[in-house]
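Text of coords.txt (compact mmCIF, C-alpha atoms and all ligand atoms) as supplied:
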# COMPACT_ATOMS: atom_id res chain seq x y z
CA MET U 1 -48.38 -20.98 -9.56
CA LYS U 2 -46.42 -18.30 -7.73
CA ILE U 3 -46.03 -14.63 -8.65
CA GLY U 4 -43.08 -12.64 -7.35
CA VAL U 5 -42.64 -8.99 -6.46
CA LEU U 6 -39.16 -7.62 -6.95
CA SER U 7 -38.27 -6.71 -3.41
CA ILE U 8 -35.63 -4.01 -3.71
CA GLN U 9 -37.52 -0.74 -3.38
CA GLY U 10 -41.07 0.58 -3.52
CA ALA U 11 -44.48 -0.58 -2.33
CA VAL U 12 -43.60 -4.28 -2.21
CA SER U 13 -46.07 -5.34 0.49
CA GLU U 14 -49.00 -3.62 -1.26
CA HIS U 15 -48.26 -5.54 -4.47
CA LEU U 16 -47.91 -8.80 -2.54
CA SER U 17 -51.28 -8.32 -0.87
CA HIS U 18 -53.04 -7.40 -4.16
CA ILE U 19 -51.72 -10.58 -5.78
CA ALA U 20 -52.61 -12.71 -2.76
CA ARG U 21 -56.15 -11.29 -2.91
CA CYS U 22 -56.34 -12.54 -6.52
CA ASP U 23 -55.93 -16.03 -4.95
CA VAL U 24 -52.37 -16.59 -6.12
CA GLU U 25 -49.34 -17.25 -3.93
CA ALA U 26 -47.25 -14.06 -3.81
CA VAL U 27 -43.56 -14.09 -2.89
CA PRO U 28 -40.96 -11.36 -2.49
CA VAL U 29 -38.07 -11.83 -4.95
CA LYS U 30 -34.55 -10.75 -4.02
CA THR U 31 -32.45 -13.62 -5.35
CA LYS U 32 -32.04 -15.70 -8.52
CA GLU U 33 -33.18 -18.77 -6.57
CA THR U 34 -36.57 -17.25 -5.74
CA LEU U 35 -36.90 -15.87 -9.27
CA CYS U 36 -36.74 -19.47 -10.58
CA GLU U 37 -39.92 -20.34 -8.65
CA VAL U 38 -42.20 -17.68 -10.12
CA SER U 39 -44.23 -17.47 -13.34
CA GLY U 40 -44.51 -13.72 -13.17
CA LEU U 41 -42.67 -10.81 -11.58
CA VAL U 42 -43.95 -7.36 -10.59
CA ILE U 43 -41.37 -4.57 -10.83
CA PRO U 44 -42.67 -1.89 -8.45
CA GLY U 45 -42.27 1.87 -8.55
CA GLY U 46 -39.36 3.61 -6.90
CA GLU U 47 -36.32 5.09 -8.61
CA SER U 48 -35.64 3.32 -11.91
CA THR U 49 -31.91 4.11 -11.79
CA THR U 50 -31.51 2.60 -8.31
CA ILE U 51 -33.64 -0.48 -9.01
CA GLY U 52 -31.85 -0.98 -12.34
CA LYS U 53 -28.41 -0.86 -10.77
CA LEU U 54 -29.39 -3.22 -7.96
CA ILE U 55 -30.89 -5.84 -10.27
CA GLU U 56 -27.68 -5.84 -12.32
CA ILE U 57 -25.49 -6.15 -9.19
CA SER U 58 -27.64 -8.89 -7.66
CA GLY U 59 -27.51 -10.93 -10.88
CA LEU U 60 -31.28 -10.75 -11.38
CA ALA U 61 -31.26 -8.70 -14.59
CA ALA U 62 -29.79 -11.41 -16.85
CA PRO U 63 -32.25 -14.21 -15.90
CA ILE U 64 -35.16 -11.74 -16.04
CA ARG U 65 -34.16 -10.77 -19.61
CA GLU U 66 -33.59 -14.39 -20.68
CA ARG U 67 -36.86 -15.72 -19.31
CA ALA U 68 -38.86 -12.76 -20.61
CA HIS U 69 -37.37 -13.30 -24.09
CA SER U 70 -38.05 -17.03 -24.05
CA GLY U 71 -41.63 -16.38 -22.87
CA THR U 72 -41.28 -18.27 -19.57
CA LEU U 73 -41.71 -15.22 -17.34
CA ALA U 74 -44.40 -12.53 -17.40
CA LEU U 75 -43.43 -9.06 -16.19
CA PHE U 76 -45.57 -6.26 -14.77
CA GLY U 77 -43.71 -2.94 -14.54
CA THR U 78 -45.40 -0.16 -12.58
CA CYS U 79 -44.08 3.42 -12.76
CA ALA U 80 -40.29 3.02 -12.41
CA GLY U 81 -40.91 -0.59 -13.55
CA LEU U 82 -42.37 0.75 -16.83
CA VAL U 83 -39.13 2.72 -17.32
CA LEU U 84 -37.00 -0.38 -16.68
CA LEU U 85 -38.94 -2.44 -19.24
CA ALA U 86 -38.48 0.12 -22.03
CA GLN U 87 -36.16 -0.20 -25.01
CA GLU U 88 -35.45 3.50 -24.92
CA VAL U 89 -35.52 6.09 -22.13
CA LEU U 90 -35.54 9.76 -23.09
CA ASP U 91 -33.72 12.08 -20.69
CA GLY U 92 -32.61 9.16 -18.54
CA THR U 93 -29.47 9.47 -16.45
CA LYS U 94 -26.10 8.73 -18.01
CA ASN U 95 -25.88 4.92 -18.26
CA GLN U 96 -29.56 4.62 -17.30
CA PRO U 97 -29.91 0.90 -16.52
CA LYS U 98 -32.63 -0.83 -18.56
CA LEU U 99 -34.01 -4.29 -19.24
CA GLU U 100 -34.80 -3.24 -22.84
CA LEU U 101 -37.67 -5.66 -23.29
CA MET U 102 -40.65 -3.59 -24.37
CA ASN U 103 -40.85 -1.90 -27.72
CA THR U 104 -41.45 1.49 -26.13
CA ARG U 105 -39.84 4.91 -25.88
CA VAL U 106 -40.40 6.34 -22.41
CA LYS U 107 -40.14 9.79 -20.88
CA ARG U 108 -39.38 9.90 -17.14
CA ASN U 109 -41.12 12.38 -14.79
CA ALA U 110 -43.35 13.30 -17.71
CA PHE U 111 -46.00 15.34 -15.92
CA GLY U 112 -43.92 18.32 -14.79
CA ARG U 113 -43.85 20.00 -11.40
CA GLN U 114 -47.50 21.11 -11.30
CA ARG U 115 -48.75 17.59 -11.74
CA GLU U 116 -45.93 15.65 -10.10
CA SER U 117 -48.48 13.62 -8.16
CA PHE U 118 -52.17 13.32 -8.97
CA GLU U 119 -55.05 10.90 -9.26
CA THR U 120 -57.28 10.58 -12.29
CA LYS U 121 -59.87 8.25 -13.76
CA LEU U 122 -58.69 6.19 -16.70
CA GLU U 123 -60.60 4.31 -19.37
CA VAL U 124 -58.75 1.02 -19.65
CA LYS U 125 -59.29 -1.23 -22.67
CA GLY U 126 -61.28 -4.30 -21.62
CA PHE U 127 -62.47 -2.81 -18.29
CA THR U 128 -66.18 -2.03 -17.97
CA SER U 129 -65.74 1.00 -15.69
CA PRO U 130 -62.96 3.60 -15.19
CA LEU U 131 -59.97 2.85 -12.99
CA VAL U 132 -58.43 5.45 -10.68
CA GLY U 133 -54.74 5.85 -11.45
CA VAL U 134 -52.38 7.25 -8.79
CA PHE U 135 -49.50 9.00 -10.56
CA ILE U 136 -46.34 9.83 -8.58
CA ARG U 137 -43.59 11.51 -10.60
CA ALA U 138 -44.79 9.21 -13.32
CA PRO U 139 -43.29 8.34 -16.68
CA ILE U 140 -45.24 7.97 -19.93
CA ILE U 141 -44.80 5.99 -23.11
CA VAL U 142 -44.30 8.58 -25.84
CA GLU U 143 -43.97 6.06 -28.64
CA ALA U 144 -44.76 2.37 -28.96
CA GLY U 145 -44.15 -0.25 -31.65
CA GLU U 146 -46.92 -2.00 -33.57
CA ASP U 147 -46.57 -5.06 -31.34
CA VAL U 148 -47.49 -2.97 -28.27
CA GLU U 149 -51.18 -2.83 -27.39
CA GLU U 150 -52.27 0.49 -25.87
CA LEU U 151 -54.54 -0.06 -22.86
CA ALA U 152 -54.95 3.51 -21.54
CA ARG U 153 -53.79 7.02 -22.38
CA LEU U 154 -53.81 10.59 -21.09
CA PRO U 155 -53.19 13.68 -23.26
CA GLU U 156 -49.45 13.38 -22.47
CA GLY U 157 -49.15 9.84 -23.83
CA ILE U 158 -49.76 6.14 -23.19
CA VAL U 159 -50.07 5.20 -19.50
CA ALA U 160 -50.86 1.47 -19.74
CA ALA U 161 -49.72 -1.02 -22.38
CA ARG U 162 -49.18 -4.68 -23.07
CA GLN U 163 -46.79 -6.51 -25.35
CA GLY U 164 -47.21 -10.30 -25.16
CA ASN U 165 -46.02 -11.38 -21.70
CA LEU U 166 -45.16 -7.80 -20.68
CA LEU U 167 -47.53 -5.36 -18.95
CA ALA U 168 -46.57 -1.80 -18.02
CA VAL U 169 -48.42 1.05 -16.32
CA SER U 170 -47.30 4.60 -15.46
CA PHE U 171 -49.30 4.71 -12.25
CA HIS U 172 -49.43 2.80 -8.94
CA PRO U 173 -52.25 0.20 -9.07
CA GLU U 174 -51.13 -1.18 -5.69
CA LEU U 175 -52.17 2.04 -3.92
CA THR U 176 -55.93 1.69 -4.49
CA ASP U 177 -58.27 -1.18 -3.61
CA ASP U 178 -58.99 -1.83 -7.29
CA ARG U 179 -57.25 -5.09 -8.17
CA ARG U 180 -58.20 -5.27 -11.86
CA MET U 181 -54.71 -4.48 -13.17
CA HIS U 182 -53.20 -7.19 -10.94
CA GLN U 183 -55.96 -9.60 -11.99
CA LEU U 184 -55.09 -8.93 -15.65
CA PHE U 185 -51.45 -9.73 -14.85
CA VAL U 186 -52.45 -12.94 -13.02
CA GLU U 187 -54.34 -14.06 -16.16
CA MET U 188 -51.20 -13.36 -18.25
CA CYS U 189 -49.10 -15.46 -15.84
CA LYS U 190 -51.54 -18.38 -16.08
CA VAL U 191 -50.81 -18.81 -19.80
CA ILE U 192 -47.02 -18.61 -19.38
N1 LIG L 1 -39.57 9.09 -11.42
C1 LIG L 1 -39.22 7.74 -11.10
C2 LIG L 1 -38.23 7.16 -12.10
O1 LIG L 1 -38.12 7.59 -13.20
C3 LIG L 1 -40.44 6.85 -11.04
C4 LIG L 1 -41.33 7.29 -9.91
C5 LIG L 1 -42.15 6.18 -9.32
O2 LIG L 1 -41.87 5.00 -9.54
N2 LIG L 1 -43.11 6.54 -8.52
O3 LIG L 1 -37.54 6.23 -11.77
For the file at hand, write its structure as structure tokens.
Ligand code: GLN
Amino acid sequence: MKIGVLSIQGAVSEHLSHIARCDVEAVPVKTKETLCEVSGLVIPGGESTTIGKLIEISGLAAPIRERAHSGTLALFGTCAGLVLLAQEVLDGTKNQPKLELMNTRVKRNAFGRQRESFETKLEVKGFTSPLVGVFIRAPIIVEAGEDVEELARLPEGIVAARQGNLLAVSFHPELTDDRRMHQLFVEMCKVI
């Protein structure tokens, strides 16, 4: 099994090394050909508008949508990746590009100027001890459908959630040594 990291923008190498340390082959994904080889794809943080436009232009968006719908690809969206997975983006840019896969309504840059970047401990469903989340101009899920399982929340809203083969977090799990979020994604990819 191989897991890909969308290699357009963001902390690609950190995601690749976290996955490799979960004993799974990790590959950067830039083309449709490489996408075909992977069971799961991480969509890293960055700028959701830029990443969204580039995946449309490169022809990756359509196969990502198709395979996610047919259940043959697991997706892990972190920060900007969580925005791209959402059905609805509040205050997005005009023509905000989206994959529209997760039954979520998302607010971008949800923590305001004072808390643009911060770290905090999170209680994550299924984890036996708290996880440190690194939030960088992070989005939140303000509303989620019944089919979405909430995994962690802050007072502002949901910051980690799962819906079938889709996993999304507001923070940057690749920027700490804690690999539990990536391990959870690896387990999801194994049953794809
Ligand atoms: N604010 C960015 C966006 O909405 C996300 C920031 C990040 O990925 N660190 O695209």
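Between atom CA of U:Leu54 and atom CA of U:Gly145 there is a distance of 28.1 Å.
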Any idea what's packed within 7 Å of U:Val38, counting all atoms listed in the file, ignoring anything in its chain fewer than 2 positions away? Could you give it as a short mmCIF file (atom, residue, chain, number, x, y, z; two decimals) with C-alpha atoms, in the frame of the given file?
data_model
loop_
_atom_site.label_atom_id
_atom_site.label_comp_id
_atom_site.auth_asym_id
_atom_site.auth_seq_id
_atom_site.Cartn_x
_atom_site.Cartn_y
_atom_site.Cartn_z
CA LYS U 2 -46.42 -18.30 -7.73
CA ILE U 3 -46.03 -14.63 -8.65
CA GLY U 4 -43.08 -12.64 -7.35
CA LEU U 35 -36.90 -15.87 -9.27
CA CYS U 36 -36.74 -19.47 -10.58
CA GLY U 40 -44.51 -13.72 -13.17
#
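The space separating atom CA of U:Thr50 from atom CA of U:Arg115 comes to 23.1 Å.
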**OP:** Pick out the residues no farther than 7 Å from ligand LIG 1 (chain L), counting all atoms listed in the file, and list them as a VMD selection string.
**Re:** chain U and resid 45 to 49 78 to 81 83 108 to 109 136 to 139
Subject >> U:Glu150 environment, 12 Å, only C-alpha atoms, sequence neighbours closer than 3 positions dropped, as a list of chain:residue names >> reply: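 The residues that qualify are U:Asn103, U:Thr104, U:Glu123, U:Val124, U:Lys125, U:Gly126, U:Ile140, U:Ile141, U:Val142, U:Glu143, U:Ala144, U:Gly145, U:Glu146, U:Asp147, U:Arg153, U:Leu154, U:Gly157, U:Ile158, U:Val159, U:Ala160, U:Ala161, U:Arg162, U:Gln163, U:Gly164, U:Leu167, U:Ala168, U:Val169.
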**OP:** May I ask for the distance between atom CA of U:Ser39 and atom CA of U:Ala74, given in Å to one decimal place?
**Re:** 6.4 Å
Set the distance at 12 Å and use only C-alpha atoms: which residues neighbour U:Phe118 once local chain neighbours fewer than 3 positions away are removed? I'd like the list as a PDB file with C-alpha atoms, keeping the file's coordinate frame.
ATOM      1  CA  PHE U 111     -46.000  15.340 -15.920  1.00  0.00           C
ATOM      2  CA  GLY U 112     -43.920  18.320 -14.790  1.00  0.00           C
ATOM      3  CA  ARG U 113     -43.850  20.000 -11.400  1.00  0.00           C
ATOM      4  CA  GLN U 114     -47.500  21.110 -11.300  1.00  0.00           C
ATOM      5  CA  ARG U 115     -48.750  17.590 -11.740  1.00  0.00           C
ATOM      6  CA  LYS U 121     -59.870   8.250 -13.760  1.00  0.00           C
ATOM      7  CA  VAL U 132     -58.430   5.450 -10.680  1.00  0.00           C
ATOM      8  CA  GLY U 133     -54.740   5.850 -11.450  1.00  0.00           C
ATOM      9  CA  VAL U 134     -52.380   7.250  -8.790  1.00  0.00           C
ATOM     10  CA  PHE U 135     -49.500   9.000 -10.560  1.00  0.00           C
ATOM     11  CA  ILE U 136     -46.340   9.830  -8.580  1.00  0.00           C
ATOM     12  CA  ARG U 137     -43.590  11.510 -10.600  1.00  0.00           C
ATOM     13  CA  ALA U 138     -44.790   9.210 -13.320  1.00  0.00           C
ATOM     14  CA  SER U 170     -47.300   4.600 -15.460  1.00  0.00           C
ATOM     15  CA  PHE U 171     -49.300   4.710 -12.250  1.00  0.00           C
ATOM     16  CA  HIS U 172     -49.430   2.800  -8.940  1.00  0.00           C
TER      17      HIS U 172
END
**OP:** Return the single residue from U:Ser117, U:Met102, U:Ile19, U:Pro63 that is closest to U:Glu33, with distances computed using only C-alpha atoms.
**Re:**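 For U:Glu33, the nearest of the given residues is U:Pro63.
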Original post:
For U:Leu90, which residue out of U:Ile8, U:Leu75, U:Ile55, U:Ala110 is the nearest one, using only C-alpha atoms?
Top reply: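 Smallest separation from U:Leu90 among the options: U:Ala110.
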Can you tell me, as JSON, the centre and edge lengths (Å, one decimal) of the axis-aligned box enclosing all of stretch 7-25 of chain U's listed atoms after padding each side by 5 Å?
{"center_x": -46.0, "center_y": -8.3, "center_z": -3.0, "size_x": 30.7, "size_y": 27.8, "size_z": 17.0}
